[in-house]
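Pasted below: structure.cif, mmCIF, C-alpha atoms.
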data_run
#
loop_
_atom_site.label_atom_id
_atom_site.label_comp_id
_atom_site.auth_asym_id
_atom_site.auth_seq_id
_atom_site.Cartn_x
_atom_site.Cartn_y
_atom_site.Cartn_z
CA MET A 1 -25.85 -64.55 15.79
CA ALA A 2 -22.18 -63.68 16.19
CA ALA A 3 -20.25 -61.55 18.65
CA ILE A 4 -18.20 -58.97 16.75
CA LEU A 5 -15.48 -56.74 18.18
CA VAL A 6 -15.27 -53.30 16.52
CA PRO A 7 -12.11 -51.26 17.23
CA VAL A 8 -12.78 -47.55 16.68
CA LYS A 9 -11.13 -44.13 17.17
CA GLY A 10 -8.43 -42.20 15.34
CA HIS A 11 -10.79 -40.89 12.62
CA PRO A 12 -13.99 -38.87 13.10
CA TYR A 13 -17.25 -40.66 12.36
CA ASP A 14 -20.94 -40.44 13.20
CA ARG A 15 -21.14 -43.01 16.00
CA ASN A 16 -24.93 -43.05 16.17
CA ALA A 17 -25.39 -43.51 12.42
CA PHE A 18 -22.62 -46.11 12.32
CA SER A 19 -24.19 -48.08 15.17
CA GLN A 20 -27.59 -47.88 13.47
CA MET A 21 -26.07 -49.37 10.32
CA LEU A 22 -24.52 -52.23 12.27
CA ALA A 23 -27.79 -52.91 14.09
CA ALA A 24 -29.65 -53.09 10.76
CA LEU A 25 -27.37 -55.74 9.27
CA PRO A 26 -28.84 -59.25 8.90
CA GLY A 27 -27.94 -61.94 11.41
CA GLY A 28 -28.76 -60.10 14.61
CA HIS A 29 -25.06 -59.89 15.47
CA GLU A 30 -23.85 -58.29 18.69
CA PHE A 31 -21.35 -55.50 18.00
CA THR A 32 -19.04 -54.28 20.75
CA LEU A 33 -17.31 -50.97 19.95
CA VAL A 34 -14.00 -50.48 21.78
CA GLU A 35 -11.88 -47.33 21.54
CA HIS A 36 -8.12 -47.02 21.63
CA PRO A 37 -6.12 -47.47 23.81
CA ALA A 38 -8.42 -50.17 25.23
CA VAL A 39 -8.28 -52.00 21.87
CA GLU A 40 -4.94 -53.54 22.79
CA ALA A 41 -6.46 -55.26 25.81
CA ALA A 42 -9.52 -56.31 23.80
CA LEU A 43 -7.31 -58.04 21.23
CA ALA A 44 -5.43 -60.03 23.86
CA PRO A 45 -5.85 -63.79 23.28
CA ASP A 46 -7.61 -64.43 26.60
CA PHE A 47 -10.25 -61.77 25.82
CA VAL A 48 -10.72 -61.80 22.04
CA THR A 49 -11.75 -65.47 22.06
CA ARG A 50 -15.25 -64.37 23.13
CA PHE A 51 -15.66 -62.71 19.71
CA ASP A 52 -16.27 -64.51 16.42
CA THR A 53 -14.65 -61.87 14.24
CA VAL A 54 -13.13 -58.39 14.38
CA LEU A 55 -14.36 -55.45 12.27
CA PHE A 56 -11.64 -52.80 12.25
CA TYR A 57 -12.99 -49.26 11.87
CA ASP A 58 -10.11 -47.50 13.60
CA MET A 59 -7.15 -45.44 12.43
CA PRO A 60 -4.46 -45.67 15.12
CA GLY A 61 -0.81 -44.67 15.10
CA ILE A 62 -1.19 -41.05 13.92
CA ASP A 63 -0.99 -37.85 15.95
CA PHE A 64 -2.95 -35.22 14.02
CA ARG A 65 -2.34 -32.59 16.69
CA VAL A 66 1.16 -31.98 15.37
CA PRO A 67 0.84 -30.32 11.95
CA GLU A 68 4.40 -30.70 10.68
CA PRO A 69 6.08 -33.06 10.67
CA PRO A 70 3.30 -35.57 11.40
CA VAL A 71 3.96 -37.97 14.25
CA PHE A 72 3.53 -41.66 13.38
CA GLU A 73 3.83 -44.22 16.16
CA PRO A 74 4.11 -47.98 15.54
CA PRO A 75 2.14 -50.30 17.81
CA GLY A 76 3.90 -51.74 20.81
CA ALA A 77 5.17 -55.28 21.02
CA ALA A 78 2.05 -56.51 22.84
CA TYR A 79 -0.32 -55.15 20.20
CA ARG A 80 1.73 -56.69 17.37
CA ALA A 81 1.80 -60.02 19.20
CA HIS A 82 -1.98 -59.93 19.67
CA VAL A 83 -2.54 -59.36 15.94
CA GLU A 84 -0.18 -62.19 15.00
CA ALA A 85 -2.02 -64.44 17.46
CA LEU A 86 -5.31 -63.59 15.71
CA LEU A 87 -3.81 -64.59 12.38
CA ALA A 88 -2.32 -67.80 13.77
CA ALA A 89 -5.69 -68.73 15.27
CA GLY A 90 -7.48 -68.10 11.97
CA LYS A 91 -9.74 -65.32 13.30
CA PRO A 92 -11.66 -63.79 10.35
CA LEU A 93 -10.98 -60.06 10.01
CA LEU A 94 -12.85 -57.27 8.22
CA PHE A 95 -11.19 -53.90 7.60
CA LEU A 96 -13.57 -51.07 6.70
CA HIS A 97 -12.81 -47.79 4.93
CA HIS A 98 -10.21 -45.71 6.84
CA ALA A 99 -8.89 -48.77 8.71
CA ILE A 100 -6.41 -49.21 5.84
CA ALA A 101 -4.87 -45.85 6.81
CA GLY A 102 -4.02 -46.95 10.33
CA TRP A 103 -0.55 -47.68 11.72
CA PRO A 104 1.42 -45.90 8.94
CA ALA A 105 4.69 -46.66 10.76
CA TRP A 106 3.97 -50.43 10.71
CA PRO A 107 4.31 -51.82 7.14
CA ARG A 108 3.22 -55.28 8.29
CA TYR A 109 -0.27 -53.91 8.86
CA GLY A 110 -0.62 -53.01 5.18
CA GLU A 111 0.54 -56.45 4.14
CA ILE A 112 -2.18 -58.00 6.29
CA ILE A 113 -4.90 -55.88 4.69
CA GLY A 114 -3.56 -55.91 1.12
CA GLY A 115 -2.75 -52.23 0.63
CA ARG A 116 -1.51 -49.03 2.25
CA PHE A 117 -2.53 -45.40 2.50
CA LEU A 118 0.48 -43.06 2.65
CA TYR A 119 0.32 -39.73 4.47
CA GLN A 120 3.79 -38.82 3.25
CA PRO A 121 5.90 -39.98 0.30
CA GLY A 122 7.68 -43.13 1.35
CA GLU A 123 8.95 -46.57 0.52
CA VAL A 124 6.48 -49.37 -0.18
CA ARG A 125 7.86 -52.81 -0.92
CA GLY A 126 11.24 -51.33 -1.85
CA ARG A 127 9.87 -48.59 -4.14
CA LEU A 128 9.52 -44.89 -3.44
CA ARG A 129 5.88 -43.86 -3.72
CA PRO A 130 4.08 -40.50 -3.47
CA ASP A 131 1.65 -39.71 -0.71
CA SER A 132 -1.86 -41.03 -1.26
CA GLY A 133 -4.95 -39.09 -2.31
CA TYR A 134 -8.45 -38.70 -0.88
CA ARG A 135 -11.71 -37.19 -2.11
CA HIS A 136 -14.90 -36.84 -0.09
CA ALA A 137 -18.50 -37.19 -1.27
CA VAL A 138 -17.80 -38.80 -4.64
CA ARG A 139 -20.89 -40.12 -6.40
CA HIS A 140 -19.81 -43.28 -8.21
CA HIS A 141 -21.00 -46.68 -9.38
CA VAL A 142 -19.60 -49.85 -7.85
CA ARG A 143 -19.51 -52.98 -10.02
CA PRO A 144 -18.67 -56.61 -9.16
CA LEU A 145 -15.60 -58.27 -10.67
CA ALA A 146 -16.25 -61.88 -9.66
CA ARG A 147 -18.83 -64.38 -8.53
CA HIS A 148 -18.42 -64.55 -4.78
CA PRO A 149 -20.68 -64.97 -1.73
CA VAL A 150 -19.73 -61.45 -0.59
CA LEU A 151 -21.37 -60.10 -3.76
CA GLU A 152 -24.63 -62.05 -3.59
CA GLY A 153 -27.52 -59.82 -4.65
CA LEU A 154 -25.14 -57.14 -5.93
CA GLU A 155 -24.70 -58.50 -9.44
CA GLN A 156 -25.69 -55.14 -10.96
CA GLY A 157 -23.53 -53.16 -8.58
CA PHE A 158 -24.81 -50.08 -6.78
CA GLU A 159 -24.51 -46.29 -6.63
CA ILE A 160 -23.03 -44.65 -3.57
CA THR A 161 -21.78 -41.25 -2.46
CA ASP A 162 -18.69 -41.78 -0.36
CA GLU A 163 -15.02 -40.95 0.18
CA LEU A 164 -12.52 -42.60 -2.16
CA TYR A 165 -8.77 -43.15 -1.88
CA LEU A 166 -5.93 -43.08 -4.39
CA PHE A 167 -3.57 -45.44 -2.60
CA GLU A 168 -1.37 -48.52 -2.78
CA VAL A 169 -3.14 -51.79 -3.60
CA PHE A 170 -1.11 -55.02 -3.53
CA ASP A 171 -2.64 -56.63 -6.61
CA ASP A 172 -0.38 -59.68 -6.38
CA SER A 173 -1.81 -60.81 -3.05
CA ILE A 174 -5.54 -60.10 -3.23
CA VAL A 175 -8.71 -61.47 -4.85
CA PRO A 176 -10.54 -58.49 -6.41
CA LEU A 177 -14.26 -58.19 -5.65
CA LEU A 178 -15.48 -54.68 -6.50
CA ALA A 179 -14.34 -51.79 -8.68
CA SER A 180 -15.45 -48.17 -8.92
CA ASP A 181 -16.17 -46.33 -12.16
CA HIS A 182 -14.48 -43.21 -10.76
CA VAL A 183 -11.26 -42.19 -12.53
CA PHE A 184 -8.41 -42.81 -10.10
CA ALA A 185 -6.07 -40.08 -11.31
CA ALA A 186 -4.35 -37.31 -9.35
CA GLU A 187 -6.58 -34.57 -10.77
CA ASN A 188 -9.58 -36.22 -9.09
CA PHE A 189 -8.08 -36.37 -5.59
CA TRP A 190 -6.46 -34.21 -2.92
CA SER A 191 -2.99 -34.75 -1.46
CA ALA A 192 -2.82 -36.44 1.94
CA ALA A 193 0.54 -34.80 2.69
CA ALA A 194 -0.94 -31.36 1.98
CA ALA A 195 -3.82 -32.11 4.35
CA MET A 196 -1.34 -33.09 7.06
CA ARG A 197 0.21 -29.62 6.66
CA GLY A 198 -3.21 -28.04 7.10
CA ALA A 199 -3.81 -27.42 3.37
CA PHE A 200 -7.03 -29.37 2.93
CA HIS A 201 -8.46 -29.97 -0.53
CA SER A 202 -5.13 -29.17 -2.19
CA ARG A 203 -3.01 -30.90 -4.79
CA GLU A 204 -0.53 -28.08 -5.36
CA GLY A 205 2.86 -29.55 -6.26
CA TRP A 206 1.51 -33.09 -5.91
CA THR A 207 1.76 -35.78 -8.54
CA HIS A 208 0.56 -39.36 -8.39
CA PRO A 209 0.38 -42.01 -11.12
CA PRO A 210 -3.02 -43.49 -12.00
CA GLY A 211 -4.16 -45.81 -9.23
CA SER A 212 -6.24 -48.91 -8.70
CA HIS A 213 -10.01 -48.81 -9.17
CA LEU A 214 -10.43 -51.71 -6.72
CA ILE A 215 -12.46 -50.88 -3.62
CA ALA A 216 -13.10 -54.33 -2.13
CA TRP A 217 -11.08 -57.52 -2.03
CA THR A 218 -10.36 -60.65 -0.05
CA ARG A 219 -7.13 -62.41 0.80
CA ARG A 220 -5.65 -64.75 3.38
CA GLU A 221 -2.94 -63.94 5.88
CA ARG A 222 -1.57 -66.99 7.66
CA ASN A 223 -4.76 -68.80 8.76
CA SER A 224 -7.16 -65.85 8.64
CA PRO A 225 -9.58 -64.84 5.88
CA ILE A 226 -9.35 -61.09 5.31
CA LEU A 227 -11.94 -58.78 3.74
CA TYR A 228 -11.32 -55.11 2.93
CA ILE A 229 -14.13 -52.74 1.90
CA GLN A 230 -13.21 -49.13 1.06
CA CYS A 231 -16.79 -47.84 1.40
CA GLY A 232 -18.07 -46.40 4.68
CA ASP A 233 -17.08 -42.81 5.44
CA SER A 234 -20.28 -40.98 6.34
CA ALA A 235 -23.84 -41.26 7.60
CA GLU A 236 -25.02 -41.07 3.97
CA ALA A 237 -22.82 -44.04 3.10
CA TYR A 238 -23.95 -46.00 6.19
CA ALA A 239 -27.56 -45.66 4.99
CA ASN A 240 -26.76 -46.98 1.51
CA GLU A 241 -28.55 -50.29 0.93
CA GLY A 242 -25.78 -51.54 -1.36
CA LEU A 243 -23.15 -51.05 1.33
CA ARG A 244 -25.37 -52.65 3.95
CA ARG A 245 -25.90 -55.67 1.72
CA LEU A 246 -22.15 -55.85 1.08
CA LEU A 247 -21.32 -55.72 4.79
CA GLY A 248 -23.99 -58.26 5.67
CA ASN A 249 -22.72 -60.63 2.99
CA GLY A 250 -19.14 -60.04 4.05
CA LEU A 251 -19.76 -60.91 7.67
CA ALA A 252 -21.78 -64.00 6.70
CA TRP A 253 -18.91 -65.17 4.48
CA LEU A 254 -16.22 -64.50 7.09
CA LEU A 255 -18.24 -66.35 9.73
CA GLY A 256 -19.04 -69.30 7.47
CA ASP A 257 -17.08 -72.40 6.56
CA ALA A 258 -16.41 -71.18 2.99
CA ALA A 259 -14.02 -68.49 4.20
#

Just give me the structure of the file as structure tokens.
Amino acid sequence: MAAILVPVKGHPYDRNAFSQMLAALPGGHEFTLVEHPAVEAALAPDFVTRFDTVLFYDMPGIDFRVPEPPVFEPPGAAYRAHVEALLAAGKPLLFLHHAIAGWPAWPRYGEIIGGRFLYQPGEVRGRLRPDSGYRHAVRHHVRPLARHPVLEGLEQGFEITDELYLFEVFDDSIVPLLASDHVFAAENFWSAAAAMRGAFHSREGWTHPPGSHLIAWTRRERNSPILYIQCGDSAEAYANEGLRRLLGNGLAWLLGDAA
């Protein structure tokens, strides 16, 4: 049994259904959900040592109360130092679903995870890129791309109804694990920048080149093993046995010597 810190807040979610999913995962782990702004204190080196890993399910650094222009705040120096200390110590980290969309004003965060979600057109690794896309309640098939402990028992993939992203994936720094059969083209997504203006479910005037079909990967950042899983938006997704198996495997791998 492991002690797992779970930063939350910044994105709406069904807390009861999410907690039920975590409780049903194998291993009998103890999950401690902590909301922002208390997350900064929880990640401090003298506190976070009581946890075996961190499962990020938060989306900080965005003020959605201001419709235009959106307000993006980078983390303070203490928060950034705490994250770097985690990486230096080799703490295993799992980023789930909308966690990749957190801290849009802090490019380093995307490099740690292996990709970025853009709310506005902007520069990524020296290139101008359009804002990212999103689409809720997509029924799609997930298939494995490798033999890996995270994928044990999922050799045939699984079906899931969940939110998908059309975003930036840093293919040169990740180990692909899972792909979706959904077509990652602009006509199948909505514009994030339009949503920030209050125009939900719109792609008017928005263009985006075809994107990556990858929805789960691993990588290393400094001394830490990193796992990103794009699944996990809703109560329906939390109840999906494929996702639960994937999360259970992922935590076992991160907590084991192989990672």

>> Since I can't run it myself right now, could you work out what the PyMOL selection byres ((chain A and resi 238) around 10) selects here and report it as a ChimeraX atom specification?
In response: /A:14,17-22,160,162,231-237,239-244

>> Considering all atoms listed in the file, can you say which of A:Val71, A:Ala199, A:Ala146, A:Leu227 comes closest to A:Leu255?
In response: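 Comparing A:Val71, A:Ala199, A:Ala146, A:Leu227 against A:Leu255, the winner is A:Leu227.
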
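When atom CA of A:Arg108 is paired with atom CA of A:Tyr13, their separation reads 25.5 Å.
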
Residue members of the PyMOL selection byres ((chain A and resi 4-7) around 10) in the file shown, as a compact mmCIF listing (two decimals) with C-alpha atoms, in the coordinates of the input:
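Saved result, result-v1.txt, follows:
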# COMPACT_ATOMS: atom_id res chain seq x y z
CA MET A 1 -25.85 -64.55 15.79
CA ALA A 2 -22.18 -63.68 16.19
CA ALA A 3 -20.25 -61.55 18.65
CA VAL A 8 -12.78 -47.55 16.68
CA LYS A 9 -11.13 -44.13 17.17
CA GLY A 10 -8.43 -42.20 15.34
CA HIS A 29 -25.06 -59.89 15.47
CA GLU A 30 -23.85 -58.29 18.69
CA PHE A 31 -21.35 -55.50 18.00
CA THR A 32 -19.04 -54.28 20.75
CA LEU A 33 -17.31 -50.97 19.95
CA VAL A 34 -14.00 -50.48 21.78
CA GLU A 35 -11.88 -47.33 21.54
CA HIS A 36 -8.12 -47.02 21.63
CA PRO A 37 -6.12 -47.47 23.81
CA ALA A 38 -8.42 -50.17 25.23
CA VAL A 39 -8.28 -52.00 21.87
CA GLU A 40 -4.94 -53.54 22.79
CA ALA A 42 -9.52 -56.31 23.80
CA LEU A 43 -7.31 -58.04 21.23
CA VAL A 48 -10.72 -61.80 22.04
CA ARG A 50 -15.25 -64.37 23.13
CA PHE A 51 -15.66 -62.71 19.71
CA ASP A 52 -16.27 -64.51 16.42
CA THR A 53 -14.65 -61.87 14.24
CA VAL A 54 -13.13 -58.39 14.38
CA LEU A 55 -14.36 -55.45 12.27
CA PHE A 56 -11.64 -52.80 12.25
CA TYR A 57 -12.99 -49.26 11.87
CA ASP A 58 -10.11 -47.50 13.60
CA MET A 59 -7.15 -45.44 12.43
CA PRO A 60 -4.46 -45.67 15.12
CA LEU A 93 -10.98 -60.06 10.01
CA LEU A 94 -12.85 -57.27 8.22
CA PHE A 95 -11.19 -53.90 7.60
CA ALA A 99 -8.89 -48.77 8.71
CA LEU A 251 -19.76 -60.91 7.67

> Need the neighbours of (-0.3, -50.5, 8.8): which residues are at most 12 Å away, counting all atoms listed in the file, as a PyMOL selection string?
Replying inline: chain A and resi 58-62+72-75+80+83+95+98-119+124+168

> With only C-alpha atoms as the basis for distance, which of A:Val169, A:Ala193, A:Ala24, A:Ala81 is at the shortest distance from A:Thr207?
Replying inline: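 When distances to A:Thr207 are compared using only C-alpha atoms, the smallest one comes from A:Ala193.
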
> So which residues get picked by the PyMOL selection byres ((chain A and resi 142) around 6) here, written as an MDAnalysis selection string?
Replying inline: chainID A and resid 141 143 157:158 179:180

>> Under the rule that all atoms listed in the file are counted, which of A:Glu221, A:Glu187, A:Asp131, A:Glu163 is the nearest residue to A:Leu86?
In response: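 Of all the options, A:Glu221 lies closest to A:Leu86.
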
Output as CSV one row per residue of stretch 94-195 of chain A within 9 Å of stretch 212-217 of chain A: the closest atom pair and its distance in Å to one decimal place, counting only C-alpha atoms, sorted by chain and residue number ascending.
residue,atom,partner,partner_atom,distance
A:Gly114,CA,A:Trp217,CA,8.3
A:Val142,CA,A:Ile215,CA,8.4
A:Leu164,CA,A:Ile215,CA,8.4
A:Tyr165,CA,A:Ile215,CA,8.7
A:Leu166,CA,A:Ser212,CA,7.3
A:Phe167,CA,A:Ser212,CA,7.5
A:Glu168,CA,A:Ser212,CA,7.7
A:Val169,CA,A:Ser212,CA,6.6
A:Asp171,CA,A:Ser212,CA,8.8
A:Ile174,CA,A:Trp217,CA,6.2
A:Val175,CA,A:Trp217,CA,5.4
A:Pro176,CA,A:Trp217,CA,4.5
A:Leu177,CA,A:Trp217,CA,4.9
A:Leu178,CA,A:Ala216,CA,5.0
A:Ala179,CA,A:Leu214,CA,4.4
A:Ser180,CA,A:His213,CA,5.5
A:Asp181,CA,A:His213,CA,7.3
A:His182,CA,A:His213,CA,7.3
A:Val183,CA,A:His213,CA,7.5
A:Phe184,CA,A:His213,CA,6.3

>> Using Å and a single decimal, report how far atom CA of A:Arg15 sits from atom CA of A:Gly153.
In response: 27.4 Å

> Pick from A:Gly211, A:Leu246, A:Leu96, A:Leu25: nearest to A:Arg129, with only C-alpha atoms counted?
Replying inline: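 Looking only at the distances to A:Arg129, the closest residue turns out to be A:Gly211.
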
> In Å, with one decimal, what is the gap from atom CA of A:Ala185 to atom CA of A:Leu154?
Replying inline: 26.1 Å

>> So that I can check the surroundings of A:Glu155, please list as a PyMOL selection string every protein, DNA and RNA residue that reaches within 7 Å of it, counting only C-alpha atoms and ignoring chain neighbours fewer than 3 positions away.
In response: chain A and resi 144+151-152
